[in-house]
Amino acid sequence: MGIHIEKVDLPGIGIRHDLVTEGGRRISVVSHRDGERDLGIFDMDDPDACRDSIPLNDDEAAALADVLGASVMLSRLTSLSDETAGLYTEQIALPTDSPYLNRTLGATKARTRTHASIVAIVRDGAIIPSPTPAEPLRAGDVIVGVGTREGLDGVARLLSNGPG
Amino acid sequence: MHETTLLLIEVGALLLGMSLLGRLALATGISPIPFYLVLGLAFGNGGFVPLDASEEFFQTSAEIGVILLLVLLGLEYTAPELVGSLRSARSAGLVDAALNALPGAALALLLGWGPVAAVALAGVTWVSSSGVIAKLLRDLGRLSNRETPAILAVLVIEDLAMAFYLPVLSAIVVGVSLMQGAISVAVAVAVVTLILYVALRHGHIVSRLFPADEHEPLLLGVLGLTMLVAGLAAEVSVSAAVGAFLVGIALSGRVATNASQVLTPLRDLFAAIFFVFFGLTTDWSELISMLVPALALAGVTIVTKLITGAYAARRAGVGALGQWRAGFSLAPRGEFSIVIAGLAVSAGVAPQLAPLAAAYVLITIIAGTFLARMPDAPWFRAAVLRRRARATA
């Protein structure tokens with residue numbers, strides 16, 4: 001996990017943070033004093049030059065950070081399945097015609113019915129970890145479940161067809 | 001016509017003209033400074049239409065313009081940035097000073113203008129324009145580039161060096177005896193060191209004097225303190241500009257951010273008038289007679305700046321293309337060169353210095369704008385990469 005982020009002062013302008021990926025690509029974020037941010041993607045041939053610099057405002061930068069951060073959490077969850085035999089994690093998009101749309105998570109009784117646990121909900125790029133039974137399910141939610149293969153298939157069926 | 005009416009007409013017409021030229025500058029991607037200089041040259045001494053009624057107004061505004069240029073320059077830098085740049089780019093700063101000050105000094109001696117003019121012209125060729133260069137880096141999307149911190153560090157050191165150079169220059173242009181001159185230089189350096197120490201160590205105390213979030217009292221307060229300190233500094237023969245620069249450095253945090261926000265439009269107005277005024281007081285015909293030495297000087301010092309930038313970038317571990325980019329970015333001279341020339345000429349040192357500096361700044365800004373883009377051109381990249389491939393083979 002040795003991710004190294006380099007911080008460089010830009011006198012009169014702000015601060016730059018650089019990240020070099022495992023594949024050798026460099027990504028930089030210039031934070032201007034006035035809150036504006038530039039996302040820089042570096043050139044392949046000339047590792048000192050930024051090929052494209054994309055200006056982001058405060059909200060756009062925060063949204064992008066959320067998306068990037070959330071996917072990191074999800075991929076860590078998924079890596080669990082490689083280590084524990086017979087236990088899987090799965091991301092299930094809530095079907096648009098789900099009978100549980102706008103009802104609470106508790107109403108699905110998912111754990112009792114399928115023996116799989118719902119450990120997180122991803123909503124609008126943000127993550128809701130360990131949701132309580134009172135958490136309502138919204139259109140566009142992605143449900144993160146942990147369980148056996150049959151259990152997770154059961155959750156997917158339950159969310160689209162109800163307890164039927 | 002009434003005097004004030006005439007003044008309004010002259011100032012209004014000139015500001016409108018400046019606005020049109022500013023749009024032209026935007027369209028061509030060149031800094032507006034050369035355009036303002038040319039506009040000033042077209043009027044004023046030896047120009048088409050002499051502006052009489054507004055001369056005093058322009059003179060006062062130009063002085064305020066210099067002060068505002070410097071206070072905003074100071075506001076841009078925080079104390080840790082100054083100290084950090086001094087530490088990281090000290091040797092690049094020394095190379096910069098030696099390589100770029102010497103050609104100016106040599107030319108002044110060659111033209112027989114004497115040692116005082118040599119010191120002034122050395123300053124003119126030494127300092128790059130932080131304003132023009134910062135804008136260029138932004139426009140070309142190079143703020144994320146790895147050579148950019150090296151360029152900025154050189155600029156910071158130059159600006160800081162100006163805090164010592166300007167008072168020394170103002171002390172020697174007065175033209176007193178060697179002993180008196182030495183004393184006033186010593187006094188000037190001591191005063192700058194003291195203010196700089198207070199600014200760097202106790203800047204937060206000065207900042208507490210101002211309400212950070214009330215724009216009107218903040219504007220009046222910072223402007224008032226700046227002009228007061230600038231005036232007092234000029235009184236003890238530390239140039240007014242340096243006093244303003246030190247006030248800018250002393251302010252920090254939210255006060256500095258908001259002060260630079262409220263002062264920027266004022267700076268844009270008065271600094272533009274300053275460049276026009278410098279053109280106004282410079283004679284067109286003299287500028288043409290100074291064109292050849294200015295071209296030669298620009299040619300030499302663009303190469304020395306190229307070496308300086310490449311050296312600074314190489315020390316920061318930047319590759320060949322980045323070194324070219326850093327070198328060419330540093331070419332434009334601007335506000336400080338004009339400030340220095342104005343200071344020397346108003347004290348009666350070598351009057352040809354003004355047209356020479358004007359021509360020199362015009363050439364370096366225009367050439368620099370094009371040179372800075374050159375390393376992005378495909379043929380240039382290919383040539384540099386080919387050379388690198390040959391060198392490693």
# chains A, B, ... in the order shown; residues from 1 in each chain; ligands from 1
$ residues_around --residues "segment 144-150 of chain A" --least-positions-apart "6" --cutoff "6 Å" --atoms "only C-alpha atoms" --output "PDB file with N, CA, C and O atoms, in the first residue's frame"
ATOM      1  N   GLY A  86     -15.695 -19.540  -0.626  1.00  0.00           N
ATOM      2  CA  GLY A  86     -17.133 -19.715  -0.466  1.00  0.00           C
ATOM      3  C   GLY A  86     -17.883 -18.456  -0.094  1.00  0.00           C
ATOM      4  O   GLY A  86     -19.102 -18.452  -0.026  1.00  0.00           O
ATOM      5  N   LEU A  87     -17.150 -17.360   0.174  1.00  0.00           N
ATOM      6  CA  LEU A  87     -17.834 -16.118   0.552  1.00  0.00           C
ATOM      7  C   LEU A  87     -17.589 -15.090  -0.545  1.00  0.00           C
ATOM      8  O   LEU A  87     -16.464 -14.915  -0.984  1.00  0.00           O
ATOM      9  N   TYR A  88     -18.643 -14.440  -0.998  1.00  0.00           N
ATOM     10  CA  TYR A  88     -18.504 -13.499  -2.116  1.00  0.00           C
ATOM     11  C   TYR A  88     -19.088 -12.142  -1.745  1.00  0.00           C
ATOM     12  O   TYR A  88     -19.958 -12.038  -0.885  1.00  0.00           O
ATOM     13  N   THR A  89     -18.534 -11.099  -2.423  1.00  0.00           N
ATOM     14  CA  THR A  89     -19.216  -9.802  -2.327  1.00  0.00           C
ATOM     15  C   THR A  89     -19.729  -9.476  -3.715  1.00  0.00           C
ATOM     16  O   THR A  89     -19.153  -9.871  -4.711  1.00  0.00           O
ATOM     17  N   GLU A  90     -20.809  -8.753  -3.757  1.00  0.00           N
ATOM     18  CA  GLU A  90     -21.384  -8.416  -5.049  1.00  0.00           C
ATOM     19  C   GLU A  90     -22.039  -7.043  -4.971  1.00  0.00           C
ATOM     20  O   GLU A  90     -22.588  -6.670  -3.937  1.00  0.00           O
ATOM     21  N   GLN A  91     -21.949  -6.331  -6.082  1.00  0.00           N
ATOM     22  CA  GLN A  91     -22.645  -5.045  -6.163  1.00  0.00           C
ATOM     23  C   GLN A  91     -23.877  -5.256  -7.013  1.00  0.00           C
ATOM     24  O   GLN A  91     -23.784  -5.684  -8.147  1.00  0.00           O
ATOM     25  N   ALA A 116     -27.669 -13.683   3.317  1.00  0.00           N
ATOM     26  CA  ALA A 116     -26.587 -12.801   2.854  1.00  0.00           C
ATOM     27  C   ALA A 116     -26.781 -11.433   3.522  1.00  0.00           C
ATOM     28  O   ALA A 116     -27.911 -11.048   3.813  1.00  0.00           O
ATOM     29  N   SER A 117     -25.672 -10.718   3.781  1.00  0.00           N
ATOM     30  CA  SER A 117     -25.762  -9.420   4.469  1.00  0.00           C
ATOM     31  C   SER A 117     -25.580  -8.270   3.491  1.00  0.00           C
ATOM     32  O   SER A 117     -24.738  -8.349   2.595  1.00  0.00           O
ATOM     33  N   ILE A 118     -26.348  -7.207   3.702  1.00  0.00           N
ATOM     34  CA  ILE A 118     -26.127  -5.992   2.925  1.00  0.00           C
ATOM     35  C   ILE A 118     -25.200  -5.093   3.753  1.00  0.00           C
ATOM     36  O   ILE A 118     -25.563  -4.674   4.846  1.00  0.00           O
ATOM     37  N   VAL A 119     -23.980  -4.897   3.260  1.00  0.00           N
ATOM     38  CA  VAL A 119     -22.972  -4.209   4.086  1.00  0.00           C
ATOM     39  C   VAL A 119     -22.816  -2.737   3.715  1.00  0.00           C
ATOM     40  O   VAL A 119     -22.258  -1.963   4.494  1.00  0.00           O
ATOM     41  N   ALA A 120     -23.282  -2.335   2.544  1.00  0.00           N
ATOM     42  CA  ALA A 120     -23.123  -0.925   2.164  1.00  0.00           C
ATOM     43  C   ALA A 120     -24.094  -0.587   1.040  1.00  0.00           C
ATOM     44  O   ALA A 120     -24.584  -1.479   0.340  1.00  0.00           O
ATOM     45  N   ILE A 121     -24.382   0.703   0.934  1.00  0.00           N
ATOM     46  CA  ILE A 121     -25.166   1.190  -0.205  1.00  0.00           C
ATOM     47  C   ILE A 121     -24.362   2.315  -0.847  1.00  0.00           C
ATOM     48  O   ILE A 121     -23.818   3.171  -0.134  1.00  0.00           O
TER      49      ILE A 121
END
$ interface_residues --of "chain B" --to "chain A" --cutoff "8 Å" --atoms "only C-alpha atoms" --output "MDAnalysis selection string"
chainID B and resid 76:78 81:82 141:149 152:153 156 318:319 321:322
$ write_last_selection --atoms "C-alpha atoms" --output "mmCIF file, in the first residue's frame"
data_model
loop_
_atom_site.group_PDB
_atom_site.id
_atom_site.type_symbol
_atom_site.label_atom_id
_atom_site.label_comp_id
_atom_site.auth_asym_id
_atom_site.auth_seq_id
_atom_site.Cartn_x
_atom_site.Cartn_y
_atom_site.Cartn_z
ATOM 1 C CA GLU B 76 1.170 36.766 -3.555
ATOM 2 C CA TYR B 77 3.949 35.234 -1.534
ATOM 3 C CA THR B 78 3.694 33.778 1.941
ATOM 4 C CA GLU B 81 7.230 30.272 0.228
ATOM 5 C CA LEU B 82 9.897 32.971 0.322
ATOM 6 C CA GLY B 141 -1.620 25.072 -19.078
ATOM 7 C CA ARG B 142 1.824 24.501 -17.618
ATOM 8 C CA LEU B 143 1.059 24.996 -13.918
ATOM 9 C CA SER B 144 1.195 21.231 -13.363
ATOM 10 C CA ASN B 145 4.471 20.792 -15.221
ATOM 11 C CA ARG B 146 7.477 19.625 -13.272
ATOM 12 C CA GLU B 147 9.700 22.547 -14.334
ATOM 13 C CA THR B 148 7.171 25.140 -13.125
ATOM 14 C CA PRO B 149 8.271 25.207 -9.447
ATOM 15 C CA LEU B 152 8.595 30.223 -9.916
ATOM 16 C CA ALA B 153 11.444 29.837 -7.421
ATOM 17 C CA VAL B 156 10.571 34.648 -6.100
ATOM 18 C CA VAL B 318 13.662 17.950 -15.157
ATOM 19 C CA GLY B 319 14.408 16.485 -18.598
ATOM 20 C CA LEU B 321 12.316 19.473 -23.084
ATOM 21 C CA GLY B 322 11.355 20.871 -19.700
#
$ select_by_dssp --residues "chain A" --states "strand (DSSP E)" --output "PyMOL selection string"
chain A and resi 5-10+14-20+26-32+37-42+50-56+88-93+117-123+126-129+142-147
$ select_by_dssp --residues "segment 95-241 of chain B" --states "alpha helix (DSSP H)" --output "VMD selection string"
chain B and resid 95 to 110 115 to 126 130 to 139 148 to 173 178 to 207 215 to 235 240 to 241
$ closest_residue --among "B:Gly243, B:Gly29, B:Gly12, B:Pro293" --to "Ile366 of chain B" --atoms "only C-alpha atoms"
B:Gly29
$ residues_around --residues "segment 139-141 of chain A" --least-positions-apart "4" --cutoff "6 Å" --atoms "only C-alpha atoms" --output "ChimeraX atom specification"
/A:94,122-123
$ write_last_selection --atoms "N, CA, C and O atoms" --output "mmCIF file, in the first residue's frame"
data_model
loop_
_atom_site.group_PDB
_atom_site.id
_atom_site.type_symbol
_atom_site.label_atom_id
_atom_site.label_comp_id
_atom_site.auth_asym_id
_atom_site.auth_seq_id
_atom_site.Cartn_x
_atom_site.Cartn_y
_atom_site.Cartn_z
ATOM 1 N N LEU A 94 -30.012 -1.532 -7.783
ATOM 2 C CA LEU A 94 -31.417 -1.695 -7.418
ATOM 3 C C LEU A 94 -32.249 -1.556 -8.702
ATOM 4 O O LEU A 94 -32.188 -0.529 -9.369
ATOM 5 N N VAL A 122 -24.223 2.293 -2.175
ATOM 6 C CA VAL A 122 -23.544 3.384 -2.864
ATOM 7 C C VAL A 122 -24.622 4.258 -3.491
ATOM 8 O O VAL A 122 -25.468 3.767 -4.243
ATOM 9 N N ARG A 123 -24.645 5.525 -3.106
ATOM 10 C CA ARG A 123 -25.697 6.421 -3.591
ATOM 11 C C ARG A 123 -25.046 7.726 -4.037
ATOM 12 O O ARG A 123 -24.289 8.342 -3.270
#
$ residues_around --residues "Ser98 of chain A" --least-positions-apart "5" --cutoff "10 Å" --atoms "only C-alpha atoms" --output "number ranges by chain"
A: 103, 137-139, 157-162
$ closest_residue --among "B:Val116, B:Glu216, B:Leu225, B:Ser88" --to "Ile157 of chain B" --atoms "only C-alpha atoms"
B:Ser88
$ residues_around --residues "Phe370 of chain B" --least-positions-apart "6" --cutoff "10 Å" --atoms "only C-alpha atoms" --output "PyMOL selection string"
chain B and resi 29-30+328-329+364
$ atom_distance --atom1 "atom CA of Tyr360 of chain B" --atom2 "atom CA of Tyr36 of chain B"
14.4 Å
$ atom_distance --atom1 "atom CA of Leu121 of chain B" --atom2 "atom CA of Ala89 of chain B"
24.0 Å
$ atom_distance --atom1 "atom CA of Ala42 of chain B" --atom2 "atom CA of Ala62 of chain B"
17.4 Å
